[in-house]
file target-v4.txt (compact mmCIF, C-alpha atoms)
# COMPACT_ATOMS: atom_id res chain seq x y z
CA MET A 12 9.44 10.38 -7.99
CA VAL A 13 7.56 13.56 -8.73
CA THR A 14 7.98 17.15 -7.60
CA LEU A 15 5.58 19.54 -5.92
CA SER A 16 4.93 21.19 -9.29
CA THR A 17 4.09 17.97 -11.16
CA PRO A 18 0.47 17.95 -12.37
CA ALA A 19 -1.56 15.64 -10.14
CA LEU A 20 -2.93 13.70 -13.12
CA GLU A 21 0.61 13.10 -14.41
CA ALA A 22 1.61 11.80 -10.98
CA ALA A 23 -1.31 9.35 -10.97
CA ARG A 24 -0.43 8.24 -14.49
CA LEU A 25 3.23 7.65 -13.56
CA MET A 26 2.15 5.47 -10.67
CA ALA A 27 -0.21 3.50 -12.91
CA ASP A 28 2.21 3.09 -15.83
CA GLN A 29 5.12 1.95 -13.70
CA ASN A 30 3.00 -0.07 -11.27
CA LEU A 31 4.43 1.90 -8.36
CA PRO A 32 3.01 1.28 -4.87
CA GLY A 33 3.36 4.96 -3.98
CA LEU A 34 5.08 8.24 -4.80
CA ILE A 35 8.04 10.17 -3.42
CA VAL A 36 7.36 13.89 -3.77
CA LEU A 37 10.57 15.94 -3.97
CA ASP A 38 10.94 19.58 -2.91
CA GLU A 39 12.88 22.23 -4.83
CA ASP A 40 16.18 20.93 -3.41
CA GLY A 41 15.51 17.38 -4.56
CA LYS A 42 14.82 16.19 -1.01
CA PRO A 43 11.71 14.17 -0.17
CA PHE A 44 8.99 16.63 0.82
CA THR A 45 6.56 13.83 1.49
CA ILE A 46 6.13 10.15 0.64
CA LEU A 47 2.64 8.99 -0.25
CA PRO A 48 1.44 5.37 -0.24
CA GLY A 49 -0.63 4.71 -3.38
CA THR A 50 -3.86 4.71 -1.41
CA GLN A 51 -3.06 8.22 -0.25
CA VAL A 52 -2.27 9.36 -3.79
CA LEU A 53 -5.90 8.44 -4.48
CA ARG A 54 -6.87 11.03 -1.88
CA LEU A 55 -5.56 13.70 -4.25
CA ALA A 56 -8.25 12.70 -6.75
CA VAL A 57 -11.21 11.67 -4.61
CA PRO A 58 -13.47 14.41 -3.21
CA GLN A 59 -13.46 14.60 0.58
CA TYR A 60 -17.19 13.84 0.87
CA CYS A 61 -16.62 10.53 -0.95
CA GLN A 62 -13.73 9.62 1.35
CA ASP A 63 -15.83 10.28 4.42
CA ASP A 64 -18.68 8.16 3.08
CA PRO A 65 -17.82 5.99 0.06
CA ALA A 66 -21.53 5.22 -0.42
CA LEU A 67 -21.95 8.81 -1.56
CA ALA A 68 -19.51 8.09 -4.39
CA ARG A 69 -22.06 5.69 -5.80
CA VAL A 70 -24.33 8.53 -6.86
CA VAL A 71 -21.55 9.82 -9.13
CA ASP A 72 -21.72 7.70 -12.25
CA GLU A 73 -18.69 6.34 -14.10
CA GLN A 74 -18.70 8.98 -16.78
CA HIS A 75 -18.82 11.78 -14.28
CA ALA A 76 -15.89 10.21 -12.41
CA ASP A 77 -13.84 10.40 -15.61
CA LEU A 78 -14.72 14.03 -16.11
CA PHE A 79 -13.74 14.73 -12.54
CA LEU A 80 -10.32 13.14 -13.05
CA ARG A 81 -9.75 15.14 -16.20
CA ALA A 82 -10.60 18.35 -14.38
CA LEU A 83 -7.82 17.50 -11.95
CA GLY A 84 -5.26 17.80 -14.72
CA ASP A 85 -4.53 21.46 -14.17
CA LYS A 86 -3.76 21.13 -10.48
CA THR A 87 -0.28 20.38 -9.25
CA VAL A 88 0.62 17.88 -6.56
CA ARG A 89 1.37 20.82 -4.22
CA GLU A 90 -2.16 22.17 -4.52
CA LEU A 91 -3.70 18.85 -3.51
CA LEU A 92 -1.28 17.52 -0.90
CA PRO A 93 -2.62 16.69 2.53
CA ASP A 94 -0.79 17.97 5.57
CA ARG A 95 2.81 16.91 5.61
CA PRO A 96 3.35 14.03 8.02
CA ARG A 97 5.66 14.63 10.95
CA GLU A 98 7.81 11.68 10.02
CA LEU A 99 8.71 10.25 6.61
CA PRO A 100 9.51 6.64 5.71
CA VAL A 101 13.23 7.09 5.05
CA VAL A 102 16.24 4.90 5.83
CA ASP A 103 20.02 5.19 5.63
CA GLY A 104 21.95 3.43 2.89
CA ASP A 105 23.17 0.81 5.35
CA ALA A 106 19.69 -0.18 6.54
CA THR A 107 19.08 -3.92 6.81
CA VAL A 108 16.10 -5.60 5.12
CA LEU A 109 14.56 -6.08 8.55
CA GLU A 110 14.92 -2.37 9.33
CA ILE A 111 13.28 -1.39 6.04
CA ALA A 112 10.47 -3.90 6.67
CA ALA A 113 9.93 -2.41 10.13
CA VAL A 114 9.72 1.14 8.72
CA MET A 115 7.23 0.05 6.02
CA ALA A 116 5.10 -1.81 8.56
CA ARG A 117 5.06 0.94 11.18
CA MET A 118 4.47 3.82 8.77
CA ARG A 119 2.15 1.81 6.49
CA SER A 120 4.19 2.89 3.46
CA PRO A 121 4.98 0.47 0.62
CA VAL A 122 7.80 2.77 -0.53
CA VAL A 123 10.72 4.20 1.46
CA ALA A 124 13.38 6.68 0.38
CA VAL A 125 17.07 5.90 0.96
CA MET A 126 19.00 8.91 2.21
CA ALA A 127 22.71 9.67 2.57
CA GLN A 128 23.79 12.89 4.25
CA ASP A 129 20.48 14.63 3.63
CA ARG A 130 20.35 13.61 -0.03
CA MET A 131 18.10 10.97 -1.54
CA THR A 132 20.12 8.20 -3.14
CA GLY A 133 17.42 5.67 -3.95
CA ALA A 134 14.12 4.10 -3.07
CA VAL A 135 12.91 0.66 -2.01
CA THR A 136 9.41 -0.64 -2.79
CA LEU A 137 7.57 -3.39 -0.96
CA ASP A 138 8.09 -5.64 -3.99
CA ASN A 139 11.85 -4.96 -3.99
CA LEU A 140 12.00 -5.77 -0.31
CA LEU A 141 9.98 -8.99 -0.49
CA ASP A 142 12.05 -10.22 -3.41
CA ARG A 143 15.21 -9.59 -1.39
CA MET A 144 13.81 -11.16 1.78
CA LEU A 145 12.64 -14.28 -0.01
CA ALA A 146 15.53 -14.70 -2.44
CA SER A 147 17.61 -16.88 -0.15
CA MET B 25 -6.07 -14.88 -1.64
CA VAL B 26 -4.93 -17.08 1.19
CA THR B 27 -6.74 -18.81 4.02
CA LEU B 28 -6.23 -18.67 7.76
CA SER B 29 -4.35 -21.97 7.58
CA THR B 30 -1.92 -20.89 4.84
CA PRO B 31 1.69 -20.84 6.13
CA ALA B 32 2.75 -17.23 6.67
CA LEU B 33 5.89 -17.66 4.56
CA GLU B 34 3.82 -19.01 1.66
CA ALA B 35 1.53 -15.99 1.93
CA ALA B 36 4.51 -13.63 1.75
CA ARG B 37 5.90 -15.54 -1.23
CA LEU B 38 2.56 -15.38 -3.07
CA MET B 39 2.47 -11.62 -2.60
CA ALA B 40 6.04 -11.28 -3.86
CA ASP B 41 5.67 -13.62 -6.84
CA GLN B 42 2.46 -12.06 -8.09
CA ASN B 43 3.43 -8.49 -7.17
CA LEU B 44 0.26 -8.15 -5.13
CA PRO B 45 -0.26 -4.98 -3.07
CA GLY B 46 -1.91 -6.93 -0.25
CA LEU B 47 -3.67 -10.14 0.72
CA ILE B 48 -7.28 -11.19 1.21
CA VAL B 49 -7.45 -13.79 3.99
CA LEU B 50 -10.47 -16.10 3.63
CA ASP B 51 -12.20 -17.91 6.48
CA GLU B 52 -13.43 -21.51 6.40
CA ASP B 53 -16.55 -20.43 4.48
CA GLY B 54 -14.55 -18.68 1.78
CA LYS B 55 -15.53 -15.23 3.05
CA PRO B 56 -12.94 -12.53 3.69
CA PHE B 57 -11.84 -12.85 7.31
CA THR B 58 -9.51 -9.90 6.95
CA ILE B 59 -7.81 -7.92 4.20
CA LEU B 60 -4.21 -6.89 4.76
CA PRO B 61 -2.35 -4.16 2.88
CA GLY B 62 1.13 -5.37 1.93
CA THR B 63 2.76 -3.24 4.59
CA GLN B 64 0.64 -4.98 7.20
CA VAL B 65 1.55 -8.42 5.82
CA LEU B 66 5.11 -7.39 6.73
CA ARG B 67 3.93 -7.10 10.32
CA LEU B 68 3.46 -10.86 10.32
CA ALA B 69 7.19 -11.28 9.78
CA VAL B 70 8.74 -8.38 11.67
CA PRO B 71 9.21 -8.74 15.44
CA GLN B 72 7.16 -6.23 17.46
CA TYR B 73 10.25 -4.61 19.02
CA CYS B 74 11.54 -3.78 15.52
CA GLN B 75 8.22 -2.25 14.51
CA ASP B 76 8.18 -0.06 17.58
CA ASP B 77 11.72 1.14 16.93
CA PRO B 78 13.12 0.29 13.48
CA ALA B 79 16.58 1.38 14.63
CA LEU B 80 16.65 -1.75 16.79
CA ALA B 81 16.30 -3.82 13.61
CA ARG B 82 19.72 -2.57 12.58
CA VAL B 83 21.44 -4.68 15.20
CA VAL B 84 20.04 -7.79 13.52
CA ASP B 85 22.34 -8.49 10.61
CA GLU B 86 21.13 -9.60 7.17
CA GLN B 87 21.88 -13.25 7.67
CA HIS B 88 19.99 -13.37 10.93
CA ALA B 89 17.01 -11.72 9.24
CA ASP B 90 16.97 -14.56 6.70
CA LEU B 91 17.04 -17.16 9.44
CA PHE B 92 14.22 -15.37 11.16
CA LEU B 93 12.07 -15.47 8.03
CA ARG B 94 12.74 -19.15 7.55
CA ALA B 95 11.71 -19.86 11.14
CA LEU B 96 8.38 -18.24 10.31
CA GLY B 97 7.64 -20.97 7.81
CA ASP B 98 5.89 -23.24 10.26
CA LYS B 99 3.41 -20.66 11.46
CA THR B 100 0.09 -20.12 9.74
CA VAL B 101 -1.43 -16.80 8.88
CA ARG B 102 -3.96 -17.34 11.69
CA GLU B 103 -1.24 -17.60 14.31
CA LEU B 104 0.28 -14.28 13.31
CA LEU B 105 -2.71 -12.15 12.41
CA PRO B 106 -3.21 -8.87 14.23
CA ASP B 107 -6.62 -8.07 15.69
CA ARG B 108 -9.34 -8.21 13.10
CA PRO B 109 -10.33 -4.71 12.00
CA ARG B 110 -13.91 -3.64 12.68
CA GLU B 111 -14.47 -2.82 9.03
CA LEU B 112 -13.08 -4.44 5.88
CA PRO B 113 -12.38 -2.82 2.50
CA VAL B 114 -15.18 -4.48 0.56
CA VAL B 115 -17.52 -3.18 -2.14
CA ASP B 116 -20.57 -4.44 -4.02
CA GLY B 117 -20.32 -5.64 -7.60
CA ASP B 118 -21.95 -2.44 -8.84
CA ALA B 119 -19.47 -0.10 -7.12
CA THR B 120 -18.21 2.77 -9.29
CA VAL B 121 -14.47 3.46 -9.72
CA LEU B 122 -14.88 6.53 -7.56
CA GLU B 123 -16.50 4.49 -4.80
CA ILE B 124 -13.68 1.92 -4.89
CA ALA B 125 -11.10 4.74 -4.84
CA ALA B 126 -12.81 6.26 -1.82
CA VAL B 127 -12.77 2.94 0.05
CA MET B 128 -9.07 2.40 -0.75
CA ALA B 129 -8.20 5.94 0.33
CA ARG B 130 -10.19 5.91 3.54
CA MET B 131 -9.15 2.43 4.65
CA ARG B 132 -5.58 2.75 3.35
CA SER B 133 -5.94 -0.57 1.54
CA PRO B 134 -4.53 -1.10 -1.97
CA VAL B 135 -6.79 -4.12 -2.39
CA VAL B 136 -10.55 -4.43 -1.93
CA ALA B 137 -12.78 -7.49 -2.13
CA VAL B 138 -15.89 -7.45 -4.29
CA MET B 139 -18.88 -9.10 -2.60
CA ALA B 140 -22.29 -10.24 -3.80
CA GLN B 141 -24.80 -11.53 -1.30
CA ASP B 142 -22.21 -12.32 1.34
CA ARG B 143 -19.95 -14.14 -1.14
CA MET B 144 -16.67 -12.86 -2.54
CA THR B 145 -16.84 -12.59 -6.32
CA GLY B 146 -13.60 -10.79 -7.08
CA ALA B 147 -10.95 -8.32 -6.01
CA VAL B 148 -9.68 -4.97 -7.25
CA THR B 149 -6.10 -3.78 -6.72
CA LEU B 150 -4.88 -0.20 -6.79
CA ASP B 151 -3.17 -0.91 -10.12
CA ASN B 152 -6.41 -2.27 -11.59
CA LEU B 153 -8.26 0.80 -10.42
CA LEU B 154 -5.73 3.34 -11.68
CA ASP B 155 -5.59 1.63 -15.06
CA ARG B 156 -9.37 1.84 -15.28
CA MET B 157 -9.52 5.45 -14.08
CA LEU B 158 -6.86 6.61 -16.51
CA ALA B 159 -7.83 4.49 -19.49
CA SER B 160 -10.19 7.07 -20.96
call {"tool": "encode", "arguments": {"input": "target-v4.txt", "output": "structure tokens"}}
result
Amino acid sequence: MVTLSTPALEAARLMADQNLPGLIVLDEDGKPFTILPGTQVLRLAVPQYCQDDPALARVVDEQHADLFLRALGDKTVRELLPDRPRELPVVDGDATVLEIAAVMARMRSPVVAVMAQDRMTGAVTLDNLLDRMLAS
Amino acid sequence: MVTLSTPALEAARLMADQNLPGLIVLDEDGKPFTILPGTQVLRLAVPQYCQDDPALARVVDEQHADLFLRALGDKTVRELLPDRPRELPVVDGDATVLEIAAVMARMRSPVVAVMAQDRMTGAVTLDNLLDRMLAS
């Protein structure tokens, strides 16, 4: 979990260090503002022209890519966020494993937030879910 | 990596045991037939009506969900695969980190296959990539 004012580079580092499949971005009230699959967190760091045509990224050499990432450090998550999706991958506390799997599959999100009465009470990752599905 | 004839349940278990963010499905020639993000591997196991409306999944209780998963065990990946995408998240061996990031972001795939002359020579996961991007 990060907030809108977390530096983008710190958010990427958190995801890397904790091997998270995505990030939940909280607003000022501690509610999920948006939930980003890891691949979409990459969007924060990759220039649009490279996303449109990855072959163009090849002309940027490794060292320059590092410099680019470091330059990101001053920007917050809020400054780089894409448009907020209409719907977020959230479930109630009493959601079944099948329900959570269906939400992850439909919304293509490997992380979902668990909500109770408009407050976030937890999160489930794809790994958590698979472990629970396959435990029996 | 799994093949088209791998049992679907075994594929799910491999992903869970090795904490993989997705699966590369190889064809008979050992080339990637398709590459599935983890959330789309879930599609193999979640009935279509639940994907369309996750709330419907709630009426299936936990125990029934387990039974459902076990019933999957006889089916192979091939029998459950969705339509093959027109484009796969693959890169050449000389791809830069930025190029791989751009492919992951654009194709929403936390795993990409590395190809050399029509043969797969490796794979890069989102975790691998972030570690490499942030190492410096």
call {"tool": "closest_residue", "arguments": {"input": "target-v4.txt", "among": "B:Pro78, B:Gly62, B:Pro45, B:Pro113", "to": "Ala125 (chain B)", "atoms": "all atoms listed in the file"}}
result
B:Pro113
call {"tool": "atom_distance", "arguments": {"input": "target-v4.txt", "atom1": "CA of Leu20 (chain A)", "atom2": "CA of Asp151 (chain B)"}}
result
14.9 Å
call {"tool": "closest_atom_pairs", "arguments": {"input": "target-v4.txt", "of": "chain A", "to": "chain B", "cutoff": "7 Å", "atoms": "all atoms listed in the file", "output": "CSV"}}
result
residue,atom,partner,partner_atom,distance
A:Arg24,CA,B:Leu158,CA,6.9
A:Ala27,CA,B:Leu154,CA,5.7
A:Asn30,CA,B:Asp151,CA,6.3
A:Thr50,CA,B:Ala129,CA,4.8
A:Gln51,CA,B:Ala129,CA,5.7
A:Leu53,CA,B:Ala129,CA,5.9
A:Arg54,CA,B:Ala129,CA,5.7
A:Val57,CA,B:Ala126,CA,6.3
A:Cys61,CA,B:Ala126,CA,5.8
A:Gln62,CA,B:Ala126,CA,4.7
A:Pro65,CA,B:Glu123,CA,5.3
A:Ala66,CA,B:Glu123,CA,6.7
A:Ala68,CA,B:Glu123,CA,4.7
A:Arg69,CA,B:Glu123,CA,5.8
A:Asp72,CA,B:Thr120,CA,6.7
A:Glu73,CA,B:Thr120,CA,6.0
A:Ala76,CA,B:Leu122,CA,6.2
A:Asp77,CA,B:Met157,CA,6.7
A:Ala106,CA,B:Arg82,CA,6.5
A:Thr107,CA,B:Arg82,CA,6.0
A:Val108,CA,B:Glu86,CA,6.7
A:Leu109,CA,B:Ala81,CA,5.8
A:Glu110,CA,B:Ala81,CA,4.7
A:Ala112,CA,B:Leu66,CA,6.4
A:Ala113,CA,B:Gln75,CA,4.7
A:Val114,CA,B:Pro78,CA,5.9
A:Met115,CA,B:Thr63,CA,5.7
A:Ala116,CA,B:Thr63,CA,4.8
A:Arg117,CA,B:Gln75,CA,5.6
A:Arg119,CA,B:Thr63,CA,5.4
A:Ser120,CA,B:Thr63,CA,6.4
A:Pro121,CA,B:Thr63,CA,5.9
A:Asp138,CA,B:Ala40,CA,6.0
A:Leu141,CA,B:Ala40,CA,5.7
A:Asp142,CA,B:Ala40,CA,6.1
A:Met144,CA,B:Asp90,CA,6.8
A:Leu145,CA,B:Arg37,CA,7.0
call {"tool": "residues_around", "arguments": {"input": "target-v4.txt", "residues": "Leu60 (chain B)", "least_positions_apart": "5", "cutoff": "7 Å", "atoms": "all atoms listed in the file", "output": "number ranges by chain"}}
result
B: 46-48, 65
call {"tool": "write_last_selection", "arguments": {"input": "target-v4.txt", "atoms": "C-alpha atoms", "output": "PDB file, in the coordinates of the input"}}
result
ATOM      1  CA  GLY B  46      -1.910  -6.930  -0.250  1.00  0.00           C
ATOM      2  CA  LEU B  47      -3.670 -10.140   0.720  1.00  0.00           C
ATOM      3  CA  ILE B  48      -7.280 -11.190   1.210  1.00  0.00           C
ATOM      4  CA  VAL B  65       1.550  -8.420   5.820  1.00  0.00           C
TER       5      VAL B  65
END
call {"tool": "atom_distance", "arguments": {"input": "target-v4.txt", "atom1": "CA of Arg102 (chain B)", "atom2": "CA of Asp53 (chain B)"}}
result
14.8 Å
call {"tool": "atom_distance", "arguments": {"input": "target-v4.txt", "atom1": "CA of Ala19 (chain A)", "atom2": "CA of Ile46 (chain A)"}}
result
14.3 Å
call {"tool": "closest_residue", "arguments": {"input": "target-v4.txt", "among": "A:Ala127, A:Val88, A:Leu25, A:Leu15", "to": "Glu39 (chain A)", "atoms": "all atoms listed in the file"}}
result
A:Leu15
call {"tool": "residues_around", "arguments": {"input": "target-v4.txt", "residues": "Gly104 (chain A)", "least_positions_apart": "6", "cutoff": "10 Å", "atoms": "all atoms listed in the file", "output": "JSON, numbers by chain"}}
result
{"A": [124, 125, 126, 127, 128, 131, 132, 133, 134]}
